[in-house]
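For reference, query-v7.txt is printed below; it contains compact mmCIF, C-alpha atoms and all ligand atoms.
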# COMPACT_ATOMS: atom_id res chain seq x y z
CA MET E 170 -185.32 215.64 94.83
CA LYS E 171 -187.07 218.79 95.96
CA LYS E 172 -185.39 221.38 98.16
CA VAL E 173 -187.98 222.65 100.65
CA MET E 174 -187.24 225.47 103.09
CA LEU E 175 -189.55 226.04 106.04
CA VAL E 176 -189.44 229.53 107.57
CA PHE E 177 -191.04 230.24 110.93
CA GLY E 178 -190.38 232.30 114.02
CA THR E 179 -193.01 232.22 116.78
CA ARG E 180 -194.33 229.57 119.15
CA PRO E 181 -197.55 228.71 117.31
CA GLU E 182 -195.83 228.50 113.93
CA ALA E 183 -193.22 226.19 115.42
CA ILE E 184 -195.88 223.94 117.00
CA LYS E 185 -197.59 223.60 113.62
CA MET E 186 -194.47 223.44 111.41
CA CYS E 187 -192.37 220.97 113.44
CA PRO E 188 -194.66 218.02 112.59
CA LEU E 189 -194.16 218.95 108.92
CA VAL E 190 -190.38 219.24 109.37
CA LYS E 191 -190.44 215.74 110.84
CA GLU E 192 -192.53 214.39 107.99
CA LEU E 193 -190.32 215.90 105.28
CA LYS E 194 -187.13 214.75 107.00
CA SER E 195 -188.52 211.23 107.24
CA ARG E 196 -188.58 211.14 103.43
CA PRO E 197 -184.92 211.92 102.54
CA GLY E 198 -185.24 210.34 99.09
CA GLU E 199 -187.91 212.88 98.18
CA PHE E 200 -186.93 216.06 100.02
CA GLU E 201 -183.93 218.07 101.05
CA THR E 202 -185.33 219.94 104.06
CA VAL E 203 -183.89 223.25 105.26
CA VAL E 204 -185.22 224.84 108.44
CA THR E 205 -184.85 228.60 108.89
CA VAL E 206 -186.13 230.25 112.04
CA THR E 207 -186.37 234.02 112.22
CA GLY E 208 -186.28 234.05 116.03
CA GLN E 209 -189.21 236.50 116.18
CA HIS E 210 -189.79 234.70 119.49
CA ARG E 211 -186.81 233.45 121.45
CA GLU E 212 -187.55 231.50 124.63
CA MET E 213 -191.03 230.50 123.47
CA LEU E 214 -189.68 229.32 120.10
CA ASP E 215 -186.73 227.46 121.56
CA GLN E 216 -189.06 225.65 123.96
CA VAL E 217 -190.93 224.17 120.97
CA LEU E 218 -187.79 223.34 118.99
CA ARG E 219 -186.49 221.42 122.01
CA ALA E 220 -189.80 219.62 122.49
CA PHE E 221 -189.81 218.39 118.88
CA ASP E 222 -186.03 217.92 118.74
CA VAL E 223 -185.70 220.16 115.67
CA THR E 224 -182.38 221.95 115.09
CA PRO E 225 -182.64 224.87 112.65
CA ASP E 226 -180.15 225.22 109.81
CA TYR E 227 -180.41 229.02 110.06
CA ASP E 228 -181.45 231.24 112.95
CA LEU E 229 -181.90 234.92 112.09
CA ALA E 230 -182.18 235.80 115.82
CA ILE E 231 -184.18 238.97 115.25
CA MET E 232 -186.09 239.26 118.56
CA LYS E 233 -185.74 242.51 120.51
CA PRO E 234 -187.62 243.41 123.70
CA GLY E 235 -190.68 245.48 122.83
CA GLN E 236 -190.20 244.93 119.10
CA THR E 237 -192.52 246.80 116.74
CA LEU E 238 -194.10 245.50 113.56
CA PHE E 239 -191.56 247.63 111.66
CA ASP E 240 -188.66 245.91 113.45
CA VAL E 241 -189.94 242.41 112.73
CA THR E 242 -190.86 243.10 109.10
CA CYS E 243 -187.60 244.85 108.17
CA ASP E 244 -185.30 242.47 110.06
CA VAL E 245 -186.86 239.35 108.55
CA LEU E 246 -186.85 240.79 105.05
CA LEU E 247 -183.22 241.91 105.16
CA LYS E 248 -181.79 238.90 106.98
CA LEU E 249 -183.65 236.29 104.97
CA LYS E 250 -182.44 237.64 101.62
CA GLY E 251 -178.93 236.16 101.89
CA VAL E 252 -180.19 232.80 103.15
CA LEU E 253 -182.60 232.47 100.24
CA GLU E 254 -179.93 233.52 97.73
CA ASP E 255 -177.46 230.97 99.12
CA GLU E 256 -179.89 228.07 99.45
CA LYS E 257 -182.05 228.66 96.34
CA PRO E 258 -184.92 226.45 97.57
CA ASP E 259 -187.46 225.08 95.08
CA VAL E 260 -190.24 226.10 97.43
CA VAL E 261 -190.50 227.95 100.73
CA LEU E 262 -193.21 227.02 103.23
CA VAL E 263 -194.55 229.65 105.61
CA HIS E 264 -197.31 229.27 108.14
CA GLY E 265 -200.44 231.18 109.04
CA ASP E 266 -200.47 234.87 109.78
CA THR E 267 -197.49 236.16 111.74
CA THR E 268 -195.27 239.00 110.61
CA THR E 269 -192.49 236.42 110.14
CA SER E 270 -194.74 234.65 107.61
CA PHE E 271 -195.70 237.84 105.81
CA ALA E 272 -192.13 239.18 105.55
CA ALA E 273 -190.75 235.77 104.52
CA ALA E 274 -193.38 235.44 101.79
CA LEU E 275 -192.55 238.95 100.58
CA ALA E 276 -188.83 238.12 100.48
CA CYS E 277 -189.62 235.05 98.36
CA PHE E 278 -191.79 237.11 96.06
CA TYR E 279 -188.96 239.62 95.52
CA LEU E 280 -186.63 236.72 94.63
CA ARG E 281 -189.31 234.89 92.61
CA ILE E 282 -189.19 231.79 94.80
CA PRO E 283 -192.51 229.87 95.00
CA VAL E 284 -194.29 230.04 98.36
CA GLY E 285 -196.45 227.33 99.90
CA HIS E 286 -198.84 228.66 102.54
CA VAL E 287 -199.58 226.22 105.34
CA GLU E 288 -202.87 227.13 107.08
CA ALA E 289 -204.03 229.20 104.10
CA GLY E 290 -207.44 230.81 103.68
CA LEU E 291 -208.42 231.73 107.24
CA ARG E 292 -210.34 235.00 107.24
CA THR E 293 -212.26 237.38 109.48
CA HIS E 294 -212.53 239.90 106.59
CA ASP E 295 -211.78 242.64 109.14
CA ILE E 296 -208.27 243.88 108.39
CA TYR E 297 -207.89 245.28 111.93
CA SER E 298 -209.01 242.14 113.76
CA PRO E 299 -206.88 240.29 114.55
CA TRP E 300 -204.25 242.95 113.94
CA PRO E 301 -201.96 242.65 112.04
CA GLU E 302 -202.69 238.96 111.39
CA GLU E 303 -205.66 239.38 109.04
CA PHE E 304 -203.52 241.52 106.73
CA ASN E 305 -200.59 239.13 107.02
CA ARG E 306 -202.57 236.07 105.98
CA GLN E 307 -204.27 237.84 103.10
CA ALA E 308 -200.93 239.22 101.89
CA VAL E 309 -199.26 235.79 102.06
CA ASP E 310 -202.11 234.39 99.97
CA ILE E 311 -201.58 237.05 97.29
CA VAL E 312 -198.04 235.79 96.61
CA SER E 313 -198.52 232.07 97.28
CA GLU E 314 -198.22 229.37 94.67
CA TYR E 315 -199.56 226.47 96.81
CA TYR E 316 -202.40 226.79 99.31
CA PHE E 317 -202.68 224.22 102.10
CA ALA E 318 -206.11 224.99 103.51
CA PRO E 319 -206.93 223.35 106.85
CA THR E 320 -210.68 223.11 106.21
CA GLU E 321 -213.25 223.23 103.43
CA ALA E 322 -214.37 226.68 104.69
CA SER E 323 -210.85 228.07 104.30
CA LYS E 324 -210.74 226.62 100.78
CA GLN E 325 -214.01 228.42 100.00
CA ASN E 326 -212.50 231.70 101.26
CA LEU E 327 -209.63 231.27 98.81
CA LEU E 328 -211.91 230.38 95.91
CA GLY E 329 -214.02 233.44 96.73
CA GLU E 330 -210.92 235.58 96.24
CA GLY E 331 -210.26 234.00 92.85
CA LYS E 332 -207.40 231.70 93.82
CA PRO E 333 -207.16 228.80 91.35
CA ALA E 334 -208.85 225.59 92.55
CA GLU E 335 -205.99 223.41 91.28
CA LYS E 336 -203.56 225.17 93.65
CA ILE E 337 -205.65 224.55 96.79
CA TRP E 338 -205.50 221.38 98.89
CA VAL E 339 -207.61 220.74 101.99
CA THR E 340 -205.19 219.00 104.34
CA GLY E 341 -206.41 219.52 107.91
CA ASN E 342 -204.37 221.56 110.36
CA THR E 343 -200.87 220.38 111.23
CA GLY E 344 -201.50 221.58 114.82
CA ILE E 345 -203.78 218.58 115.26
CA ASP E 346 -200.90 216.33 114.10
CA ALA E 347 -198.98 217.61 117.12
CA LEU E 348 -201.90 217.05 119.50
CA ARG E 349 -201.97 213.37 118.55
CA THR E 350 -198.54 212.84 120.07
CA THR E 351 -198.75 214.92 123.23
CA VAL E 352 -201.85 214.13 125.33
CA ARG E 353 -201.24 211.26 127.77
CA GLU E 354 -203.42 209.61 130.42
CA SER E 355 -200.44 209.25 132.76
CA PHE E 356 -199.43 212.95 132.65
CA SER E 357 -198.95 214.68 136.00
CA SER E 358 -197.39 217.90 137.26
CA PRO E 359 -197.24 219.80 140.56
CA GLU E 360 -199.51 222.57 139.20
CA LEU E 361 -202.13 220.06 138.12
CA ASP E 362 -201.89 218.36 141.52
CA TRP E 363 -202.63 221.77 143.09
CA THR E 364 -205.91 221.96 141.11
CA HIS E 365 -207.20 218.49 142.06
CA GLY E 366 -210.69 218.70 143.54
CA SER E 367 -211.38 222.04 141.80
CA ARG E 368 -212.57 223.00 138.35
CA LEU E 369 -209.46 224.02 136.37
CA ILE E 370 -209.77 227.24 134.41
CA LEU E 371 -206.99 227.62 131.85
CA ILE E 372 -206.19 231.15 130.70
CA THR E 373 -204.01 232.65 127.94
CA ALA E 374 -203.97 236.14 126.38
CA HIS E 375 -201.58 238.00 124.14
CA ARG E 376 -203.21 239.67 121.10
CA ARG E 377 -201.72 243.03 120.14
CA GLU E 378 -205.14 244.65 119.69
CA ASN E 379 -206.08 243.59 123.23
CA LEU E 380 -203.05 245.17 124.92
CA GLY E 381 -204.05 247.97 127.31
CA GLU E 382 -207.63 248.51 128.45
CA PRO E 383 -209.24 245.40 126.83
CA MET E 384 -206.75 243.15 128.62
CA HIS E 385 -207.41 244.86 131.95
CA GLN E 386 -211.14 244.32 131.45
CA MET E 387 -210.60 240.64 130.61
CA PHE E 388 -208.56 240.03 133.75
CA ARG E 389 -210.95 241.97 136.00
CA ALA E 390 -213.91 239.91 134.74
CA ILE E 391 -212.08 236.62 135.30
CA ARG E 392 -211.12 237.57 138.84
CA ARG E 393 -214.64 238.71 139.75
CA VAL E 394 -216.20 235.44 138.54
CA MET E 395 -213.62 233.25 140.23
CA GLU E 396 -214.04 235.07 143.53
CA GLU E 397 -217.71 234.06 143.40
CA HIS E 398 -216.91 230.37 142.63
CA PRO E 399 -214.70 228.88 145.35
CA ASP E 400 -214.61 225.49 143.59
CA THR E 401 -212.45 226.90 140.75
CA LYS E 402 -208.69 227.23 140.41
CA ALA E 403 -206.98 228.91 137.46
CA ILE E 404 -203.65 228.39 135.79
CA TYR E 405 -202.41 231.13 133.53
CA PRO E 406 -199.21 230.27 131.62
CA ILE E 407 -198.33 233.80 130.72
CA HIS E 408 -196.91 235.08 127.42
CA MET E 409 -193.46 236.67 127.67
CA ASN E 410 -194.59 240.05 126.34
CA PRO E 411 -193.80 242.49 129.21
CA LEU E 412 -196.97 244.49 128.48
CA VAL E 413 -199.11 241.39 129.00
CA ARG E 414 -197.24 240.55 132.20
CA LYS E 415 -197.68 244.03 133.62
CA ALA E 416 -201.46 244.08 133.02
CA ALA E 417 -201.88 240.55 134.42
CA HIS E 418 -199.92 241.22 137.59
CA GLU E 419 -201.74 244.52 138.17
CA GLU E 420 -205.16 242.84 138.01
CA LEU E 421 -204.55 239.32 139.30
CA ASP E 422 -201.84 239.42 141.97
CA GLY E 423 -203.00 238.61 145.48
CA PHE E 424 -205.71 236.16 144.39
CA ASP E 425 -204.47 232.80 145.60
CA ARG E 426 -206.72 230.53 143.50
CA LEU E 427 -205.15 231.84 140.30
CA ARG E 428 -201.54 230.99 139.52
CA ILE E 429 -199.58 232.87 136.88
CA ILE E 430 -196.78 230.61 135.63
CA ASP E 431 -194.19 230.76 132.84
CA PRO E 432 -195.13 229.51 129.35
CA LEU E 433 -195.59 225.75 129.40
CA GLU E 434 -193.81 223.30 127.13
CA VAL E 435 -196.28 222.34 124.43
CA LEU E 436 -196.58 218.75 125.66
CA ASP E 437 -197.44 220.07 129.12
CA PHE E 438 -199.84 222.67 127.76
CA HIS E 439 -201.80 220.10 125.77
CA ASN E 440 -202.13 217.97 128.88
CA PHE E 441 -203.27 220.96 130.96
CA LEU E 442 -205.84 221.60 128.24
CA ALA E 443 -207.01 218.00 128.45
CA ALA E 444 -207.34 218.34 132.25
CA SER E 445 -209.14 221.69 132.19
CA TYR E 446 -212.81 222.41 132.84
CA LEU E 447 -212.89 225.36 130.48
CA VAL E 448 -210.58 227.79 128.71
CA LEU E 449 -210.53 231.58 128.43
CA THR E 450 -208.26 232.79 125.66
CA ASP E 451 -207.67 235.17 122.75
CA SER E 452 -205.32 232.65 121.10
CA GLY E 453 -205.82 231.26 117.61
CA GLY E 454 -204.26 227.82 117.96
CA ILE E 455 -206.07 226.96 121.17
CA GLN E 456 -209.37 227.47 119.33
CA GLU E 457 -208.33 224.57 117.08
CA GLU E 458 -207.02 222.26 119.79
CA ALA E 459 -209.90 222.60 122.26
CA PRO E 460 -212.64 221.10 120.03
CA SER E 461 -210.59 217.92 119.57
CA LEU E 462 -210.47 217.57 123.35
CA GLY E 463 -214.08 218.67 123.89
CA LYS E 464 -213.10 221.65 126.06
CA PRO E 465 -215.39 224.71 126.09
CA VAL E 466 -213.60 227.91 125.14
CA LEU E 467 -214.70 231.47 125.79
CA VAL E 468 -212.88 233.36 123.05
CA MET E 469 -212.03 236.87 124.26
CA ARG E 470 -212.27 238.44 120.82
CA ASP E 471 -215.02 240.08 118.76
CA VAL E 472 -214.44 238.00 115.63
CA THR E 473 -212.79 234.71 114.79
CA GLU E 474 -211.24 233.22 111.68
CA ARG E 475 -212.08 229.79 113.07
CA PRO E 476 -215.87 229.51 112.56
CA GLU E 477 -215.70 225.70 112.47
CA GLY E 478 -215.14 225.57 116.24
CA VAL E 479 -218.09 227.91 116.80
CA ALA E 480 -220.28 225.73 114.55
CA ALA E 481 -219.08 222.63 116.44
CA GLY E 482 -220.37 224.31 119.61
CA THR E 483 -217.05 224.33 121.49
CA LEU E 484 -216.16 228.00 121.00
CA LYS E 485 -218.13 231.05 122.06
CA LEU E 486 -217.09 234.59 121.22
CA VAL E 487 -217.35 236.85 124.28
CA GLY E 488 -215.40 239.94 123.19
CA THR E 489 -213.21 241.89 125.59
CA GLU E 490 -215.71 243.89 127.65
CA GLU E 491 -215.65 243.16 131.37
CA ASP E 492 -219.40 242.82 131.84
CA VAL E 493 -219.92 240.48 128.90
CA ILE E 494 -217.05 238.20 129.92
CA TYR E 495 -218.31 238.27 133.51
CA ARG E 496 -221.80 237.24 132.41
CA GLU E 497 -220.73 234.48 129.98
CA PHE E 498 -218.07 233.01 132.26
CA SER E 499 -220.50 232.98 135.24
CA ARG E 500 -223.13 231.31 133.11
CA LEU E 501 -220.82 228.56 131.87
CA LEU E 502 -219.82 227.74 135.45
CA SER E 503 -223.44 227.62 136.67
CA ASP E 504 -225.43 226.26 133.74
CA ASP E 505 -224.83 222.50 133.35
CA GLU E 506 -226.79 222.28 130.12
CA GLU E 507 -224.81 225.07 128.48
CA TYR E 508 -221.60 223.43 129.68
CA ALA E 509 -222.60 219.99 128.37
CA ALA E 510 -223.53 221.46 124.97
CA MET E 511 -220.07 223.00 124.66
CA SER E 512 -218.13 219.94 125.85
CA TYR E 513 -218.74 217.72 122.88
CA ALA E 514 -215.47 216.56 121.27
CA SER E 515 -215.17 216.87 117.49
CA ASN E 516 -212.38 217.29 114.95
CA PRO E 517 -213.25 220.13 112.58
CA TYR E 518 -209.55 220.93 112.09
CA GLY E 519 -208.37 217.56 110.89
CA ASP E 520 -207.52 213.98 111.67
CA GLY E 521 -203.86 214.40 112.59
CA HIS E 522 -202.44 213.54 109.15
CA ALA E 523 -202.12 217.01 107.62
CA SER E 524 -198.32 216.90 107.33
CA GLU E 525 -198.39 213.69 105.28
CA ARG E 526 -200.89 215.24 102.87
CA ILE E 527 -198.80 218.39 102.45
CA ALA E 528 -195.67 216.32 101.79
CA ASP E 529 -197.55 214.21 99.22
CA VAL E 530 -198.64 217.35 97.37
CA LEU E 531 -195.11 218.78 97.41
CA VAL E 532 -193.69 215.61 95.84
CA GLY E 533 -195.96 216.07 92.87
CA CYS E 534 -195.53 219.80 92.29
CA ARG E 535 -193.12 221.19 89.74
C1 LIG E 601 -196.68 237.09 117.77
C2 LIG E 601 -197.48 237.19 116.47
C3 LIG E 601 -198.91 236.72 116.69
C4 LIG E 601 -198.96 235.36 117.35
C5 LIG E 601 -198.12 235.37 118.62
C6 LIG E 601 -198.08 233.99 119.23
C7 LIG E 601 -196.98 239.03 114.92
C8 LIG E 601 -197.16 240.46 114.63
N1 LIG E 601 -197.53 238.58 116.07
O1 LIG E 601 -197.24 238.04 118.67
O2 LIG E 601 -199.56 236.66 115.43
O3 LIG E 601 -200.30 235.06 117.66
O4 LIG E 601 -196.78 235.77 118.29
O5 LIG E 601 -197.64 234.03 120.55
O6 LIG E 601 -196.36 238.32 114.18
N2 LIG E 601 -191.11 237.95 123.95
C9 LIG E 601 -190.05 237.43 124.65
N3 LIG E 601 -189.70 236.12 124.42
C10 LIG E 601 -190.36 235.33 123.55
C11 LIG E 601 -191.44 235.87 122.84
C12 LIG E 601 -191.80 237.18 123.03
O7 LIG E 601 -189.43 238.10 125.47
O8 LIG E 601 -189.99 234.16 123.39
C13 LIG E 601 -191.49 239.38 124.18
C14 LIG E 601 -190.50 240.37 123.55
O9 LIG E 601 -190.41 241.51 124.37
C15 LIG E 601 -191.21 240.75 122.24
C16 LIG E 601 -192.66 240.75 122.69
O10 LIG E 601 -192.76 239.64 123.59
O11 LIG E 601 -190.76 241.99 121.76
C17 LIG E 601 -193.69 240.62 121.60
O12 LIG E 601 -193.38 239.56 120.70
P1 LIG E 601 -193.96 239.59 119.19
O13 LIG E 601 -193.53 238.36 118.48
O14 LIG E 601 -193.63 240.89 118.55
O15 LIG E 601 -195.53 239.63 119.41
P2 LIG E 601 -196.52 238.53 119.96
O16 LIG E 601 -197.58 239.25 120.72
O17 LIG E 601 -195.77 237.44 120.61
N1 LIG E 602 -199.13 226.86 124.08
C1 LIG E 602 -198.01 226.32 124.70
N2 LIG E 602 -197.67 226.75 125.96
C2 LIG E 602 -198.39 227.68 126.64
C3 LIG E 602 -199.53 228.25 125.98
C4 LIG E 602 -199.86 227.82 124.71
O1 LIG E 602 -197.32 225.47 124.14
O2 LIG E 602 -198.04 228.01 127.77
C5 LIG E 602 -199.49 226.42 122.72
C6 LIG E 602 -200.92 226.04 122.45
O3 LIG E 602 -201.13 224.65 122.67
C7 LIG E 602 -201.11 226.40 120.98
C8 LIG E 602 -200.15 227.55 120.78
O4 LIG E 602 -199.25 227.53 121.88
O5 LIG E 602 -200.67 225.34 120.13
C9 LIG E 602 -200.87 228.86 120.69
O6 LIG E 602 -199.94 229.89 120.67
P1 LIG E 602 -200.31 231.39 120.94
O7 LIG E 602 -201.57 231.46 121.72
O8 LIG E 602 -199.09 232.03 121.51
O9 LIG E 602 -200.48 231.97 119.47
P2 LIG E 602 -201.71 232.00 118.43
O10 LIG E 602 -202.19 230.62 118.23
O11 LIG E 602 -202.72 232.94 119.01
O12 LIG E 602 -201.10 232.59 117.22

Before anything else, please render the file you have as C-alpha cells.
Amino acid sequence: MKKVMLVFGTRPEAIKMCPLVKELKSRPGEFETVVTVTGQHREMLDQVLRAFDVTPDYDLAIMKPGQTLFDVTCDVLLKLKGVLEDEKPDVVLVHGDTTTSFAAALACFYLRIPVGHVEAGLRTHDIYSPWPEEFNRQAVDIVSEYYFAPTEASKQNLLGEGKPAEKIWVTGNTGIDALRTTVRESFSSPELDWTHGSRLILITAHRRENLGEPMHQMFRAIRRVMEEHPDTKAIYPIHMNPLVRKAAHEELDGFDRLRIIDPLEVLDFHNFLAASYLVLTDSGGIQEEAPSLGKPVLVMRDVTERPEGVAAGTLKLVGTEEDVIYREFSRLLSDDEEYAAMSYASNPYGDGHASERIADVLVGCR
C-alpha cells in the first residue's frame, strides 16, 4: 500500500488534481490518499472542492488579501513541514507551476520525500513569462522523481534538460479528465439565456505580469471591438484579485453588452465555454480545454507553454497591446474563413484518462 499525498492550493490545480484524488481514492487497496490544500486561493479553491466533493485532510489556510510571492512561498514552506513530518508520505504529488507547487516541492526536497510532478515539462524558456510560473515549473522539475508529462512535446522538453527517460510518462492532462464529466447538452443558466441570439465572447484575465497597463490595454481593445459589433455579448467571470477587478471595472463599466460576474463553478464554466463563440484569455488551463471543444482562443500573452493548441489551430497569440488585440479580435469576428480554421475540435492534451495512467504508474514505483 502506497501513501500518496496530493498538495495543491489554487483553482486550476484543484480542477486538475481532483480527478486524480478521485481515481486514487477509488483504489483503496492500492493507495492511502491524503489531500493537503495550502489555501493559496480561498473562495476559488473551495468552489472546486465542493464541485468535486473532495474534503481535504489538511488545510493550511494561507491566503491573505494582496499576498506577495514571498508570503505564499514562506507560508507554504513553513506550514507544510509539520504535515509532511507527521504523515511521512511515500510520494507527494504537486501540479503545474504555481507558487504552492514550487514551495511544496521544495519542502519535500528538504525532507527528502519523493515528488511526482503532474503536468511536468511545460516550457516557454522565458523565465519572466509567465512570471513566476516558468521558474516554478522548472524548479519543481529539478527536484522531482516522477514526471507526468501531458504531451509528447513536454516529454521532449524534459529529455532536453537531461531528465531520465525512465522517469517520464506521457499521460495526457488531467484537466481533460474533468472536462469529460462537465459539459452537458441540457445545461442552461440565466446568463446564457441573456446571450441567446448573440455571439458569446467569454473573457478571463489574471496573470501577474499583465497587472497594470497591459490589462488596461486588453480591456480597452475588447470594449472597442465589441462596440463595433452589436451582435456580440460578453461574459467575464472575473478573478477575485482586487487589482484585476479594479482595472476591469475602470475600463468596462457602463457597457451593457458585457457582464462582469463572479467566478463560475467549474461545471458552469465548461458549459459556458462550450456555448461560446470565441474566448479571450491569458489563462493556461483554458488553452487546454478550448481545443477539445473546438473554440477559438485569442491568447493575450506574448508566449505560451502550450504550443500544441497553436499547432492544432485553435489558439492564437495576440500579446497584450491594445492595437494588436483590437485588430485580431475584429478580424476573427469578421473573417468567416479564419474563424472556421480555428474552430476545429481536437484533443492535443489527452483523451480524458490521464488520472488512471498516473495511478497505474504510482502503483509500480518503489
Ligand atoms: C495564482 C497562481 C497562478 C495561477 C492562478 C490561477 C502563483 C504565483 N500564481 O495566481 O499561477 O495561474 O493562481 O488563478 O502561484 N483572491 C481571493 N480569493 C481567491 C483567490 C484569490 O480573494 O479565492 C485574491 C487575494 O487577494 C489574493 C489575490 O487574489 O491575494 C492573488 O492571489 P494569488 O494566488 O496570489 O495569485 P493569482 O493571480 O490568483
Ligand atoms: N475556470 C472556472 N471558473 C471561471 C473561470 C475559469 O472554473 O470562472 C476554470 C477553467 O475551466 C480552467 C481553470 O479555471 O480549468 C483555469 O484557471 P485560471 O485561469 O484561474 O488559472 P491558469 O490555468 O491560468 O493557471

Open item on the list: So the first atom is atom CA of E:Cys277 and the second is atom CA of E:Pro258; what is the distance between them in Å, to one decimal place?
Closed with: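 Taking atom CA of E:Cys277 as the start and atom CA of E:Pro258 as the end point, the length is 9.8 Å.
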
- [ ] Considering only C-alpha atoms, state which residue in the set E:Ser358, E:Asn410, E:Thr237, E:Thr207 is at the smallest distance from E:Ser270.
- [x]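 Looking at the shortest contact to E:Ser270, the residue is E:Thr207.
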
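A straight line drawn from atom CA of E:Val284 to atom O4 of ligand LIG 601 (chain E) is 20.9 Å long.
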
Can you write out as a tab-separated table which residues of chain E fall within 8 Å of ligand LIG 601 (chain E), alongside each residue's closest atom pair and its distance in Å to one decimal, counting only C-alpha atoms and all ligand atoms and ordering rows by chain and ascending residue number?
residue	atom	partner	partner_atom	distance
E:Thr179	CA	E:LIG601	O4	5.4
E:Arg180	CA	E:LIG601	O5	5.7
E:Pro181	CA	E:LIG601	C6	5.6
E:Glu182	CA	E:LIG601	C6	8.0
E:Gln209	CA	E:LIG601	O13	5.2
E:His210	CA	E:LIG601	C11	3.9
E:Arg211	CA	E:LIG601	O8	3.8
E:Glu212	CA	E:LIG601	O8	3.8
E:Met213	CA	E:LIG601	O8	3.8
E:Leu214	CA	E:LIG601	O8	5.9
E:Asp215	CA	E:LIG601	O8	7.7
E:Met232	CA	E:LIG601	O11	6.3
E:Lys233	CA	E:LIG601	O11	5.2
E:Pro234	CA	E:LIG601	O9	3.4
E:Gly235	CA	E:LIG601	O11	3.7
E:Gln236	CA	E:LIG601	O11	4.0
E:Thr237	CA	E:LIG601	O14	6.3
E:Leu238	CA	E:LIG601	C8	6.0
E:Val241	CA	E:LIG601	O14	7.1
E:Asp266	CA	E:LIG601	O2	6.0
E:Thr267	CA	E:LIG601	O6	3.4
E:Thr268	CA	E:LIG601	O6	3.8
E:Thr269	CA	E:LIG601	O6	5.9
E:Ser270	CA	E:LIG601	O6	7.7
E:Trp300	CA	E:LIG601	C8	7.5
E:Pro301	CA	E:LIG601	C8	5.9
E:Glu302	CA	E:LIG601	O2	5.6
E:His375	CA	E:LIG601	O16	5.4
E:Arg376	CA	E:LIG601	O16	5.7
E:Arg377	CA	E:LIG601	O16	5.6
E:His408	CA	E:LIG601	O5	7.0
E:Met409	CA	E:LIG601	N2	4.6
E:Asn410	CA	E:LIG601	O10	3.3
E:Pro411	CA	E:LIG601	O9	6.0
E:Ser452	CA	E:LIG601	O3	6.5
E:Gly453	CA	E:LIG601	O3	6.7

Could you write out that same residue set with C-alpha atoms as a PDB file, keeping the file's coordinate frame?
ATOM      1  CA  THR E 179    -193.010 232.220 116.780  1.00  0.00           C
ATOM      2  CA  ARG E 180    -194.330 229.570 119.150  1.00  0.00           C
ATOM      3  CA  PRO E 181    -197.550 228.710 117.310  1.00  0.00           C
ATOM      4  CA  GLU E 182    -195.830 228.500 113.930  1.00  0.00           C
ATOM      5  CA  GLN E 209    -189.210 236.500 116.180  1.00  0.00           C
ATOM      6  CA  HIS E 210    -189.790 234.700 119.490  1.00  0.00           C
ATOM      7  CA  ARG E 211    -186.810 233.450 121.450  1.00  0.00           C
ATOM      8  CA  GLU E 212    -187.550 231.500 124.630  1.00  0.00           C
ATOM      9  CA  MET E 213    -191.030 230.500 123.470  1.00  0.00           C
ATOM     10  CA  LEU E 214    -189.680 229.320 120.100  1.00  0.00           C
ATOM     11  CA  ASP E 215    -186.730 227.460 121.560  1.00  0.00           C
ATOM     12  CA  MET E 232    -186.090 239.260 118.560  1.00  0.00           C
ATOM     13  CA  LYS E 233    -185.740 242.510 120.510  1.00  0.00           C
ATOM     14  CA  PRO E 234    -187.620 243.410 123.700  1.00  0.00           C
ATOM     15  CA  GLY E 235    -190.680 245.480 122.830  1.00  0.00           C
ATOM     16  CA  GLN E 236    -190.200 244.930 119.100  1.00  0.00           C
ATOM     17  CA  THR E 237    -192.520 246.800 116.740  1.00  0.00           C
ATOM     18  CA  LEU E 238    -194.100 245.500 113.560  1.00  0.00           C
ATOM     19  CA  VAL E 241    -189.940 242.410 112.730  1.00  0.00           C
ATOM     20  CA  ASP E 266    -200.470 234.870 109.780  1.00  0.00           C
ATOM     21  CA  THR E 267    -197.490 236.160 111.740  1.00  0.00           C
ATOM     22  CA  THR E 268    -195.270 239.000 110.610  1.00  0.00           C
ATOM     23  CA  THR E 269    -192.490 236.420 110.140  1.00  0.00           C
ATOM     24  CA  SER E 270    -194.740 234.650 107.610  1.00  0.00           C
ATOM     25  CA  TRP E 300    -204.250 242.950 113.940  1.00  0.00           C
ATOM     26  CA  PRO E 301    -201.960 242.650 112.040  1.00  0.00           C
ATOM     27  CA  GLU E 302    -202.690 238.960 111.390  1.00  0.00           C
ATOM     28  CA  HIS E 375    -201.580 238.000 124.140  1.00  0.00           C
ATOM     29  CA  ARG E 376    -203.210 239.670 121.100  1.00  0.00           C
ATOM     30  CA  ARG E 377    -201.720 243.030 120.140  1.00  0.00           C
ATOM     31  CA  HIS E 408    -196.910 235.080 127.420  1.00  0.00           C
ATOM     32  CA  MET E 409    -193.460 236.670 127.670  1.00  0.00           C
ATOM     33  CA  ASN E 410    -194.590 240.050 126.340  1.00  0.00           C
ATOM     34  CA  PRO E 411    -193.800 242.490 129.210  1.00  0.00           C
ATOM     35  CA  SER E 452    -205.320 232.650 121.100  1.00  0.00           C
ATOM     36  CA  GLY E 453    -205.820 231.260 117.610  1.00  0.00           C
TER      37      GLY E 453
END

Open item on the list: Counting only C-alpha atoms and all ligand atoms, what are the residues, protein, DNA or RNA alike, that approach ligand LIG 602 (chain E) to within 6 Å? I want them as a VMD selection string.
Closed with: chain E and resid 180 to 181 184 406 432 to 435 438 to 439 452 to 455

- [ ] Pick out the closest residue to E:Arg426 from this set: E:Tyr508, E:Tyr279, E:Tyr405, E:Phe200. Count only C-alpha atoms.
- [x]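 Going through E:Tyr508, E:Tyr279, E:Tyr405, E:Phe200 one by one, the smallest distance to E:Arg426 is for E:Tyr405.
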